[in-house]
>>> print(open('input.pdb').read())   # PDB, C-alpha atoms
ATOM      1  CA  SER O 817      -6.777  21.519  17.919
ATOM      2  CA  ALA O 818      -7.137  21.822  14.162
ATOM      3  CA  VAL O 819      -9.901  23.557  12.255
ATOM      4  CA  ILE O 820     -10.711  21.658   9.084
ATOM      5  CA  SER O 821     -12.772  23.136   6.293
ATOM      6  CA  GLN O 822     -14.110  20.576   3.867
ATOM      7  CA  LYS O 823     -15.895  21.612   0.682
ATOM      8  CA  PRO O 824     -18.442  20.977  -0.622
ATOM      9  CA  SER O 825     -20.465  19.787   2.356
ATOM     10  CA  ARG O 826     -22.785  17.904   0.033
ATOM     11  CA  ASP O 827     -23.411  17.421  -3.654
ATOM     12  CA  ILE O 828     -25.652  15.518  -6.007
ATOM     13  CA  CYS O 829     -23.879  14.372  -9.149
ATOM     14  CA  GLN O 830     -24.671  12.590 -12.356
ATOM     15  CA  ARG O 831     -23.261   9.192 -13.236
ATOM     16  CA  GLY O 832     -20.011   9.403 -15.193
ATOM     17  CA  THR O 833     -18.952  12.806 -13.898
ATOM     18  CA  SER O 834     -16.186  13.644 -11.404
ATOM     19  CA  LEU O 835     -16.204  15.626  -8.179
ATOM     20  CA  THR O 836     -13.244  17.197  -6.398
ATOM     21  CA  ILE O 837     -13.436  17.584  -2.632
ATOM     22  CA  GLN O 838     -11.210  20.083  -0.886
ATOM     23  CA  CYS O 839      -9.744  19.883   2.609
ATOM     24  CA  GLN O 840      -8.186  23.019   4.095
ATOM     25  CA  VAL O 841      -6.567  23.066   7.546
ATOM     26  CA  ASP O 842      -5.880  26.192   9.601
ATOM     27  CA  SER O 843      -2.311  25.110  10.409
ATOM     28  CA  GLN O 844       0.416  22.853   9.091
ATOM     29  CA  VAL O 845      -0.115  19.161   9.739
ATOM     30  CA  THR O 846       2.112  16.142   9.447
ATOM     31  CA  MET O 847      -0.360  13.666   7.994
ATOM     32  CA  MET O 848      -3.589  13.879   6.028
ATOM     33  CA  PHE O 849      -5.941  10.996   5.300
ATOM     34  CA  TRP O 850      -9.083  10.471   3.247
ATOM     35  CA  TYR O 851     -11.876   8.163   4.410
ATOM     36  CA  ARG O 852     -15.135   6.939   2.957
ATOM     37  CA  GLN O 853     -18.227   6.084   4.963
ATOM     38  CA  GLN O 854     -20.907   4.237   3.060
ATOM     39  CA  PRO O 855     -24.490   4.407   4.336
ATOM     40  CA  GLY O 856     -24.861   2.654   7.676
ATOM     41  CA  GLN O 857     -21.228   1.550   7.693
ATOM     42  CA  SER O 858     -18.042   2.375   9.533
ATOM     43  CA  LEU O 859     -15.234   4.452   8.067
ATOM     44  CA  THR O 860     -12.896   2.970   5.472
ATOM     45  CA  LEU O 861      -9.480   4.475   4.824
ATOM     46  CA  ILE O 862      -8.982   5.363   1.158
ATOM     47  CA  ALA O 863      -5.452   6.736   1.212
ATOM     48  CA  THR O 864      -2.775   8.735   2.955
ATOM     49  CA  ALA O 865      -2.141  12.058   1.224
ATOM     50  CA  ASN O 866       1.611  12.660   1.077
ATOM     51  CA  GLN O 867       2.940  16.177   0.726
ATOM     52  CA  GLY O 868       4.798  16.592  -2.534
ATOM     53  CA  SER O 869       4.488  12.973  -3.643
ATOM     54  CA  GLU O 870       1.933  10.420  -4.751
ATOM     55  CA  ALA O 871      -0.667   9.310  -2.224
ATOM     56  CA  THR O 872      -0.475   5.880  -0.590
ATOM     57  CA  TYR O 873      -3.648   3.933  -1.354
ATOM     58  CA  GLU O 874      -5.260   1.182   0.679
ATOM     59  CA  SER O 875      -6.231  -2.144  -0.796
ATOM     60  CA  GLY O 876      -9.243  -1.774  -3.060
ATOM     61  CA  PHE O 877      -8.621   1.873  -3.917
ATOM     62  CA  VAL O 878      -6.686   3.083  -6.959
ATOM     63  CA  ILE O 879      -5.310   6.392  -8.115
ATOM     64  CA  ASP O 880      -7.282   6.441 -11.363
ATOM     65  CA  LYS O 881     -10.555   6.343  -9.449
ATOM     66  CA  PHE O 882      -9.545   8.513  -6.472
ATOM     67  CA  PRO O 883      -6.742  10.877  -7.493
ATOM     68  CA  ILE O 884      -5.397  12.844  -4.539
ATOM     69  CA  SER O 885      -3.284  15.953  -4.375
ATOM     70  CA  ARG O 886      -1.450  17.507  -1.463
ATOM     71  CA  PRO O 887       0.541  20.492  -2.676
ATOM     72  CA  ASN O 888       1.445  21.778   0.808
ATOM     73  CA  LEU O 889       1.080  21.032   4.518
ATOM     74  CA  THR O 890      -2.375  22.593   4.896
ATOM     75  CA  PHE O 891      -4.341  21.515   1.824
ATOM     76  CA  SER O 892      -5.436  18.375   0.008
ATOM     77  CA  THR O 893      -7.999  17.362  -2.583
ATOM     78  CA  LEU O 894      -9.720  14.071  -3.314
ATOM     79  CA  THR O 895     -11.374  13.528  -6.680
ATOM     80  CA  VAL O 896     -14.023  10.868  -7.171
ATOM     81  CA  SER O 897     -13.776  10.044 -10.880
ATOM     82  CA  ASN O 898     -16.275   8.578 -13.301
ATOM     83  CA  MET O 899     -18.857   8.298 -10.558
ATOM     84  CA  SER O 900     -21.485   5.603 -10.229
ATOM     85  CA  PRO O 901     -24.314   5.258  -7.683
ATOM     86  CA  GLU O 902     -22.033   2.935  -5.647
ATOM     87  CA  ASP O 903     -19.837   5.947  -4.910
ATOM     88  CA  SER O 904     -22.645   7.548  -2.917
ATOM     89  CA  SER O 905     -21.049   7.991   0.513
ATOM     90  CA  ILE O 906     -19.719  10.463   2.984
ATOM     91  CA  TYR O 907     -16.089  11.365   2.276
ATOM     92  CA  LEU O 908     -14.039  12.627   5.209
ATOM     93  CA  CYS O 909     -10.698  14.352   5.494
ATOM     94  CA  SER O 910      -8.588  13.667   8.584
ATOM     95  CA  VAL O 911      -5.395  15.348   9.778
ATOM     96  CA  GLU O 912      -2.732  14.819  12.399
ATOM     97  CA  LYS O 913      -0.714  17.744  13.711
ATOM     98  CA  ALA O 914       2.067  15.831  15.435
ATOM     99  CA  ALA O 915       3.308  12.285  15.356
ATOM    100  CA  ASN O 916       1.455   9.791  17.544
ATOM    101  CA  GLU O 917      -1.142  12.293  18.576
ATOM    102  CA  LYS O 918      -4.840  12.686  17.902
ATOM    103  CA  LEU O 919      -6.411  12.829  14.477
ATOM    104  CA  PHE O 920      -8.987  15.475  13.712
ATOM    105  CA  PHE O 921     -11.783  14.953  11.226
ATOM    106  CA  GLY O 922     -13.625  17.305   8.942
ATOM    107  CA  SER O 923     -17.405  17.324   8.889
ATOM    108  CA  GLY O 924     -17.444  15.357   5.662
ATOM    109  CA  THR O 925     -18.842  15.634   2.149
ATOM    110  CA  GLN O 926     -22.155  13.902   1.540
ATOM    111  CA  LEU O 927     -22.090  12.675  -2.058
ATOM    112  CA  SER O 928     -25.111  11.297  -3.870
ATOM    113  CA  VAL O 929     -24.703   9.919  -7.394
ATOM    114  CA  LEU O 930     -27.783   9.545  -9.565
TER     115      LEU O 930
ATOM    116  CA  ASP T1081      -8.523  -5.164   8.997
ATOM    117  CA  ALA T1082      -9.576  -3.813  12.376
ATOM    118  CA  LYS T1083      -7.746  -5.460  15.262
ATOM    119  CA  THR T1084     -10.355  -4.826  17.935
ATOM    120  CA  THR T1085     -13.575  -6.454  19.109
ATOM    121  CA  GLN T1086     -16.373  -4.418  20.648
ATOM    122  CA  PRO T1087     -19.993  -5.148  21.553
ATOM    123  CA  THR T1088     -22.345  -4.014  18.833
ATOM    124  CA  SER T1089     -24.541  -1.970  21.137
ATOM    125  CA  MET T1090     -24.973  -0.913  24.757
ATOM    126  CA  ASP T1091     -27.468   1.062  26.799
ATOM    127  CA  CYS T1092     -26.736   3.344  29.712
ATOM    128  CA  ALA T1093     -28.942   5.366  32.023
ATOM    129  CA  GLU T1094     -28.441   9.107  32.028
ATOM    130  CA  GLY T1095     -26.167  10.208  34.875
ATOM    131  CA  ARG T1096     -24.627   6.795  35.316
ATOM    132  CA  ALA T1097     -21.152   5.730  34.255
ATOM    133  CA  ALA T1098     -20.870   4.173  30.812
ATOM    134  CA  ASN T1099     -18.214   1.467  30.596
ATOM    135  CA  LEU T1100     -17.360   0.471  27.042
ATOM    136  CA  PRO T1101     -15.138  -2.589  26.673
ATOM    137  CA  CYS T1102     -12.718  -3.356  23.881
ATOM    138  CA  ASN T1103     -10.695  -6.461  23.179
ATOM    139  CA  HIS T1104      -7.381  -6.104  21.358
ATOM    140  CA  SER T1105      -5.654  -9.369  22.174
ATOM    141  CA  THR T1106      -3.193  -9.154  19.247
ATOM    142  CA  ILE T1107      -1.930  -5.673  20.063
ATOM    143  CA  SER T1108       1.812  -5.229  19.703
ATOM    144  CA  GLY T1109       4.139  -3.208  21.857
ATOM    145  CA  ASN T1110       4.341  -0.293  19.440
ATOM    146  CA  GLU T1111       0.598   0.213  19.052
ATOM    147  CA  TYR T1112      -1.564   2.768  20.803
ATOM    148  CA  VAL T1113      -5.192   2.341  21.836
ATOM    149  CA  TYR T1114      -7.379   5.174  20.546
ATOM    150  CA  TRP T1115     -11.024   5.924  21.195
ATOM    151  CA  TYR T1116     -13.199   8.017  18.923
ATOM    152  CA  ARG T1117     -16.907   8.591  18.766
ATOM    153  CA  GLN T1118     -19.219   9.589  15.970
ATOM    154  CA  ILE T1119     -22.440  11.369  16.664
ATOM    155  CA  HIS T1120     -24.973  11.003  13.884
ATOM    156  CA  SER T1121     -24.145  12.997  10.732
ATOM    157  CA  GLN T1122     -20.881  14.345  12.137
ATOM    158  CA  GLY T1123     -17.203  13.508  11.638
ATOM    159  CA  PRO T1124     -15.556  11.317  14.291
ATOM    160  CA  GLN T1125     -14.450  13.076  17.456
ATOM    161  CA  TYR T1126     -11.271  12.173  19.328
ATOM    162  CA  ILE T1127     -11.853  11.085  22.932
ATOM    163  CA  ILE T1128      -8.628   9.712  24.376
ATOM    164  CA  HIS T1129      -5.643   7.497  23.639
ATOM    165  CA  GLY T1130      -2.988   5.600  25.555
ATOM    166  CA  LEU T1131      -0.094   3.207  25.227
ATOM    167  CA  LYS T1132       0.030   1.245  28.484
ATOM    168  CA  ASN T1133      -0.823   3.575  31.349
ATOM    169  CA  ASN T1134      -4.336   4.557  32.301
ATOM    170  CA  GLU T1135      -5.318   7.961  30.989
ATOM    171  CA  THR T1136      -7.898  10.544  31.994
ATOM    172  CA  ASN T1137      -9.019  13.774  30.395
ATOM    173  CA  GLU T1138     -12.033  16.049  30.566
ATOM    174  CA  MET T1139     -14.126  13.669  28.488
ATOM    175  CA  ALA T1140     -13.318  10.201  29.728
ATOM    176  CA  SER T1141     -10.965   7.720  31.351
ATOM    177  CA  LEU T1142      -9.137   4.930  29.588
ATOM    178  CA  ILE T1143      -8.244   1.827  31.546
ATOM    179  CA  ILE T1144      -5.784  -0.542  29.835
ATOM    180  CA  THR T1145      -5.149  -3.958  31.342
ATOM    181  CA  GLU T1146      -1.617  -4.805  32.378
ATOM    182  CA  ASP T1147      -1.198  -7.274  29.509
ATOM    183  CA  ARG T1148      -2.652  -4.607  27.135
ATOM    184  CA  LYS T1149      -5.027  -7.129  25.591
ATOM    185  CA  SER T1150      -8.126  -5.198  26.502
ATOM    186  CA  SER T1151      -9.257  -1.775  27.589
ATOM    187  CA  THR T1152     -12.310   0.049  28.888
ATOM    188  CA  LEU T1153     -13.492   3.528  28.078
ATOM    189  CA  ILE T1154     -15.354   5.133  30.972
ATOM    190  CA  LEU T1155     -17.703   8.070  30.592
ATOM    191  CA  PRO T1156     -18.204   8.938  34.264
ATOM    192  CA  HIS T1157     -21.598  10.647  34.036
ATOM    193  CA  ALA T1158     -23.266   9.872  30.738
ATOM    194  CA  THR T1159     -25.649  12.411  29.224
ATOM    195  CA  LEU T1160     -28.081  12.137  26.346
ATOM    196  CA  ARG T1161     -25.528  13.929  24.168
ATOM    197  CA  ASP T1162     -23.130  11.015  24.638
ATOM    198  CA  THR T1163     -25.358   8.843  22.461
ATOM    199  CA  ALA T1164     -23.055   7.898  19.577
ATOM    200  CA  VAL T1165     -21.034   5.123  17.974
ATOM    201  CA  TYR T1166     -17.796   4.588  19.897
ATOM    202  CA  TYR T1167     -14.767   3.212  18.095
ATOM    203  CA  CYS T1168     -11.820   1.502  19.767
ATOM    204  CA  ILE T1169      -8.791   1.476  17.468
ATOM    205  CA  VAL T1170      -5.236   0.218  17.747
ATOM    206  CA  ARG T1171      -2.830   2.329  15.793
ATOM    207  CA  PRO T1172       0.847   1.821  14.969
ATOM    208  CA  ARG T1173       3.303   4.497  15.851
ATOM    209  CA  TYR T1174       3.840   7.232  13.267
ATOM    210  CA  ASN T1175       7.050   5.796  11.912
ATOM    211  CA  GLN T1176       5.376   2.455  11.259
ATOM    212  CA  GLY T1177       2.423   3.615   9.221
ATOM    213  CA  GLY T1178       0.307   5.507  11.701
ATOM    214  CA  LYS T1179      -2.972   4.662  10.020
ATOM    215  CA  LEU T1180      -6.252   4.723  11.913
ATOM    216  CA  ILE T1181      -8.326   1.710  10.859
ATOM    217  CA  PHE T1182     -11.929   1.745  12.081
ATOM    218  CA  GLY T1183     -13.923  -1.313  13.090
ATOM    219  CA  GLN T1184     -17.692  -1.419  13.522
ATOM    220  CA  GLY T1185     -17.750   0.198  16.942
ATOM    221  CA  THR T1186     -20.272   0.129  19.795
ATOM    222  CA  GLU T1187     -23.512   2.025  19.434
ATOM    223  CA  LEU T1188     -24.125   3.570  22.848
ATOM    224  CA  SER T1189     -27.639   4.721  23.676
ATOM    225  CA  VAL T1190     -27.994   6.900  26.754
ATOM    226  CA  LYS T1191     -31.551   6.803  28.018
ATOM    227  CA  PRO T1192     -33.340   9.206  30.372
TER     228      PRO T1192
END
>>> encode(input="input.pdb", output="structure tokens")
Amino acid sequence: SAVISQKPSRDICQRGTSLTIQCQVDSQVTMMFWYRQQPGQSLTLIATANQGSEATYESGFVIDKFPISRPNLTFSTLTVSNMSPEDSSIYLCSVEKAANEKLFFGSGTQLSVL
Amino acid sequence: DAKTTQPTSMDCAEGRAANLPCNHSTISGNEYVYWYRQIHSQGPQYIIHGLKNNETNEMASLIITEDRKSSTLILPHATLRDTAVYYCIVRPRYNQGGKLIFGQGTELSVKP
């Protein structure tokens, strides 16, 4: 298994500010992903965090709005920039330890933007 | 876009088997079938996955039809704690993207 620590667990932010979410894994992993879950909805993949290179973003998500870092095989950050109330969601980190195996999810960051 | 179709909701009596169907008629030969569940206010939890053979673990069984166009997740003795949203996902192999794309899932309610 993989133990994922995601911080903060929740935050309330003002419009126009930015929040950085951290994802720390207890062991090296091959792949890391960031998801968003809007209220009452399913999960939507934001991007794949690539170690040592730029993240790969899904359609509808851009680096300027959601910059992602992954400096090593156990850590990644997602920043939600210039926030608006529409960004209020749960943001989840997901990791895979070996190819074609199970993905593990963090407990998520509950973000509310006022 | 999600490549699976699931019923929106299902009920199951406590102690009985819960059989959750999933249609994935456009699945290709290099795609796995994964099942996850999400209990309210928690991150998704892995249940089981398979390629073409039936699979069983301590949580559930996965039955994949011979043509791989549909599958069924079986929780053999459902409990109240199994109440959750269950997601059936087809996922390409690692070297072809490996992304996990969620659909809307089935909301399973286990009733006493």
>>> resolve_selection(input="input.pdb", expression="the PyMOL selection byres ((chain T and resi 1104) around 10)", output="PyMOL selection string")
chain T and resi 1082-1086+1102-1103+1105-1108+1113+1148-1151+1168-1170
>>> interface_residues(input="input.pdb", of="chain O", to="chain T", cutoff="12 Å", atoms="only C-alpha atoms", output="PyMOL selection string")
chain O and resi 817-818+820-822+825-826+846-853+855-865+872-875+905-926
>>> resolve_selection(input="input.pdb", expression="the PyMOL selection byres ((chain O and resi 881) around 12)", output="compact mmCIF listing (two decimals) with C-alpha atoms, keeping the file's coordinate frame")
# COMPACT_ATOMS: atom_id res chain seq x y z
CA GLY O 832 -20.01 9.40 -15.19
CA THR O 833 -18.95 12.81 -13.90
CA SER O 834 -16.19 13.64 -11.40
CA LEU O 835 -16.20 15.63 -8.18
CA THR O 836 -13.24 17.20 -6.40
CA ILE O 862 -8.98 5.36 1.16
CA ALA O 863 -5.45 6.74 1.21
CA TYR O 873 -3.65 3.93 -1.35
CA GLY O 876 -9.24 -1.77 -3.06
CA PHE O 877 -8.62 1.87 -3.92
CA VAL O 878 -6.69 3.08 -6.96
CA ILE O 879 -5.31 6.39 -8.12
CA ASP O 880 -7.28 6.44 -11.36
CA PHE O 882 -9.54 8.51 -6.47
CA PRO O 883 -6.74 10.88 -7.49
CA ILE O 884 -5.40 12.84 -4.54
CA LEU O 894 -9.72 14.07 -3.31
CA THR O 895 -11.37 13.53 -6.68
CA VAL O 896 -14.02 10.87 -7.17
CA SER O 897 -13.78 10.04 -10.88
CA ASN O 898 -16.27 8.58 -13.30
CA MET O 899 -18.86 8.30 -10.56
CA SER O 900 -21.48 5.60 -10.23
CA ASP O 903 -19.84 5.95 -4.91
>>> resolve_selection(input="input.pdb", expression="the PyMOL selection byres ((chain O and resi 840-842) around 6)", output="list in words")
Val819, Ile820, Ser821, Cys839, Ser843, Thr890 and Phe891 of chain O
>>> residues_around(input="input.pdb", residues="T:Asp1091", least_positions_apart="6", cutoff="12 Å", atoms="all atoms listed in the file", output="ChimeraX atom specification")
/T:1097-1100,1158-1160,1162-1165,1186-1192
>>> atom_distance(input="input.pdb", atom1="atom CA of O:Glu902", atom2="atom CA of T:Tyr1166")
25.9 Å
>>> atom_distance(input="input.pdb", atom1="atom CA of T:Leu1142", atom2="atom CA of T:Pro1101")
10.1 Å
>>> atom_distance(input="input.pdb", atom1="atom CA of O:Asn888", atom2="atom CA of O:Gly868")
7.0 Å
>>> closest_residue(input="input.pdb", among="T:Pro1087, T:Ser1141, T:Asn1134, T:Ile1119", to="T:Arg1161", atoms="only C-alpha atoms")
T:Ile1119
>>> build_atoms(input="input.pdb", residues="stretch 1100-1111 of chain T", atoms="all heavy atoms", output="mmCIF file, in the coordinates of the input")
data_model
loop_
_atom_site.group_PDB
_atom_site.id
_atom_site.type_symbol
_atom_site.label_atom_id
_atom_site.label_comp_id
_atom_site.auth_asym_id
_atom_site.auth_seq_id
_atom_site.Cartn_x
_atom_site.Cartn_y
_atom_site.Cartn_z
ATOM 1 N N LEU T 1100 -17.380 1.093 28.360
ATOM 2 C CA LEU T 1100 -17.360 0.471 27.042
ATOM 3 C C LEU T 1100 -16.109 -0.395 26.913
ATOM 4 O O LEU T 1100 -14.986 0.119 26.922
ATOM 5 C CB LEU T 1100 -17.382 1.531 25.943
ATOM 6 C CG LEU T 1100 -18.690 2.311 25.807
ATOM 7 C CD1 LEU T 1100 -18.700 3.558 26.662
ATOM 8 C CD2 LEU T 1100 -18.937 2.668 24.357
ATOM 9 N N PRO T 1101 -16.293 -1.700 26.756
ATOM 10 C CA PRO T 1101 -15.138 -2.589 26.673
ATOM 11 C C PRO T 1101 -14.605 -2.734 25.250
ATOM 12 O O PRO T 1101 -15.336 -2.536 24.272
ATOM 13 C CB PRO T 1101 -15.710 -3.925 27.164
ATOM 14 C CG PRO T 1101 -17.129 -3.892 26.707
ATOM 15 C CD PRO T 1101 -17.562 -2.442 26.758
ATOM 16 N N CYS T 1102 -13.349 -3.112 25.180
ATOM 17 C CA CYS T 1102 -12.718 -3.356 23.881
ATOM 18 C C CYS T 1102 -11.656 -4.440 24.054
ATOM 19 O O CYS T 1102 -10.848 -4.389 24.982
ATOM 20 C CB CYS T 1102 -12.081 -2.074 23.356
ATOM 21 S SG CYS T 1102 -11.253 -2.269 21.757
ATOM 22 N N ASN T 1103 -11.692 -5.402 23.169
ATOM 23 C CA ASN T 1103 -10.695 -6.461 23.179
ATOM 24 C C ASN T 1103 -9.711 -6.243 22.046
ATOM 25 O O ASN T 1103 -10.122 -6.050 20.896
ATOM 26 C CB ASN T 1103 -11.388 -7.830 23.036
ATOM 27 C CG ASN T 1103 -10.415 -8.978 23.123
ATOM 28 O OD1 ASN T 1103 -9.555 -9.143 22.257
ATOM 29 N ND2 ASN T 1103 -10.529 -9.762 24.175
ATOM 30 N N HIS T 1104 -8.430 -6.252 22.381
ATOM 31 C CA HIS T 1104 -7.381 -6.104 21.358
ATOM 32 C C HIS T 1104 -6.250 -7.059 21.705
ATOM 33 O O HIS T 1104 -5.121 -6.633 21.977
ATOM 34 C CB HIS T 1104 -6.901 -4.653 21.223
ATOM 35 C CG HIS T 1104 -6.917 -3.857 22.494
ATOM 36 N ND1 HIS T 1104 -5.946 -3.944 23.464
ATOM 37 C CD2 HIS T 1104 -7.827 -2.956 22.939
ATOM 38 C CE1 HIS T 1104 -6.235 -3.124 24.436
ATOM 39 N NE2 HIS T 1104 -7.366 -2.502 24.167
ATOM 40 N N SER T 1105 -6.569 -8.342 21.673
ATOM 41 C CA SER T 1105 -5.654 -9.369 22.174
ATOM 42 C C SER T 1105 -4.384 -9.501 21.341
ATOM 43 O O SER T 1105 -3.403 -10.077 21.824
ATOM 44 C CB SER T 1105 -6.375 -10.714 22.241
ATOM 45 O OG SER T 1105 -6.880 -11.072 20.969
ATOM 46 N N THR T 1106 -4.388 -9.015 20.103
ATOM 47 C CA THR T 1106 -3.193 -9.154 19.247
ATOM 48 C C THR T 1106 -2.375 -7.865 19.188
ATOM 49 O O THR T 1106 -1.497 -7.743 18.338
ATOM 50 C CB THR T 1106 -3.593 -9.577 17.835
ATOM 51 O OG1 THR T 1106 -4.444 -8.569 17.261
ATOM 52 C CG2 THR T 1106 -4.324 -10.912 17.842
ATOM 53 N N ILE T 1107 -2.638 -6.949 20.081
ATOM 54 C CA ILE T 1107 -1.930 -5.673 20.063
ATOM 55 C C ILE T 1107 -0.435 -5.892 20.260
ATOM 56 O O ILE T 1107 -0.014 -6.762 21.016
ATOM 57 C CB ILE T 1107 -2.497 -4.727 21.140
ATOM 58 C CG1 ILE T 1107 -2.009 -3.301 20.930
ATOM 59 C CG2 ILE T 1107 -2.157 -5.234 22.534
ATOM 60 C CD1 ILE T 1107 -2.711 -2.274 21.822
ATOM 61 N N SER T 1108 0.373 -5.116 19.553
ATOM 62 C CA SER T 1108 1.812 -5.229 19.703
ATOM 63 C C SER T 1108 2.339 -4.053 20.520
ATOM 64 O O SER T 1108 1.640 -3.071 20.758
ATOM 65 C CB SER T 1108 2.486 -5.277 18.330
ATOM 66 O OG SER T 1108 2.233 -4.085 17.617
ATOM 67 N N GLY T 1109 3.578 -4.172 20.929
ATOM 68 C CA GLY T 1109 4.139 -3.208 21.857
ATOM 69 C C GLY T 1109 4.235 -1.786 21.331
ATOM 70 O O GLY T 1109 4.320 -0.840 22.119
ATOM 71 N N ASN T 1110 4.197 -1.629 20.014
ATOM 72 C CA ASN T 1110 4.341 -0.293 19.440
ATOM 73 C C ASN T 1110 3.007 0.305 19.006
ATOM 74 O O ASN T 1110 2.972 1.266 18.247
ATOM 75 C CB ASN T 1110 5.298 -0.343 18.250
ATOM 76 C CG ASN T 1110 4.712 -1.160 17.108
ATOM 77 O OD1 ASN T 1110 3.776 -1.936 17.296
ATOM 78 N ND2 ASN T 1110 5.253 -0.992 15.922
ATOM 79 N N GLU T 1111 1.918 -0.267 19.455
ATOM 80 C CA GLU T 1111 0.598 0.213 19.052
ATOM 81 C C GLU T 1111 -0.135 0.892 20.200
ATOM 82 O O GLU T 1111 -0.147 0.410 21.328
ATOM 83 C CB GLU T 1111 -0.260 -0.935 18.512
ATOM 84 C CG GLU T 1111 0.259 -1.474 17.174
ATOM 85 C CD GLU T 1111 -0.579 -2.609 16.656
ATOM 86 O OE1 GLU T 1111 -0.959 -3.495 17.448
ATOM 87 O OE2 GLU T 1111 -0.859 -2.624 15.434
#
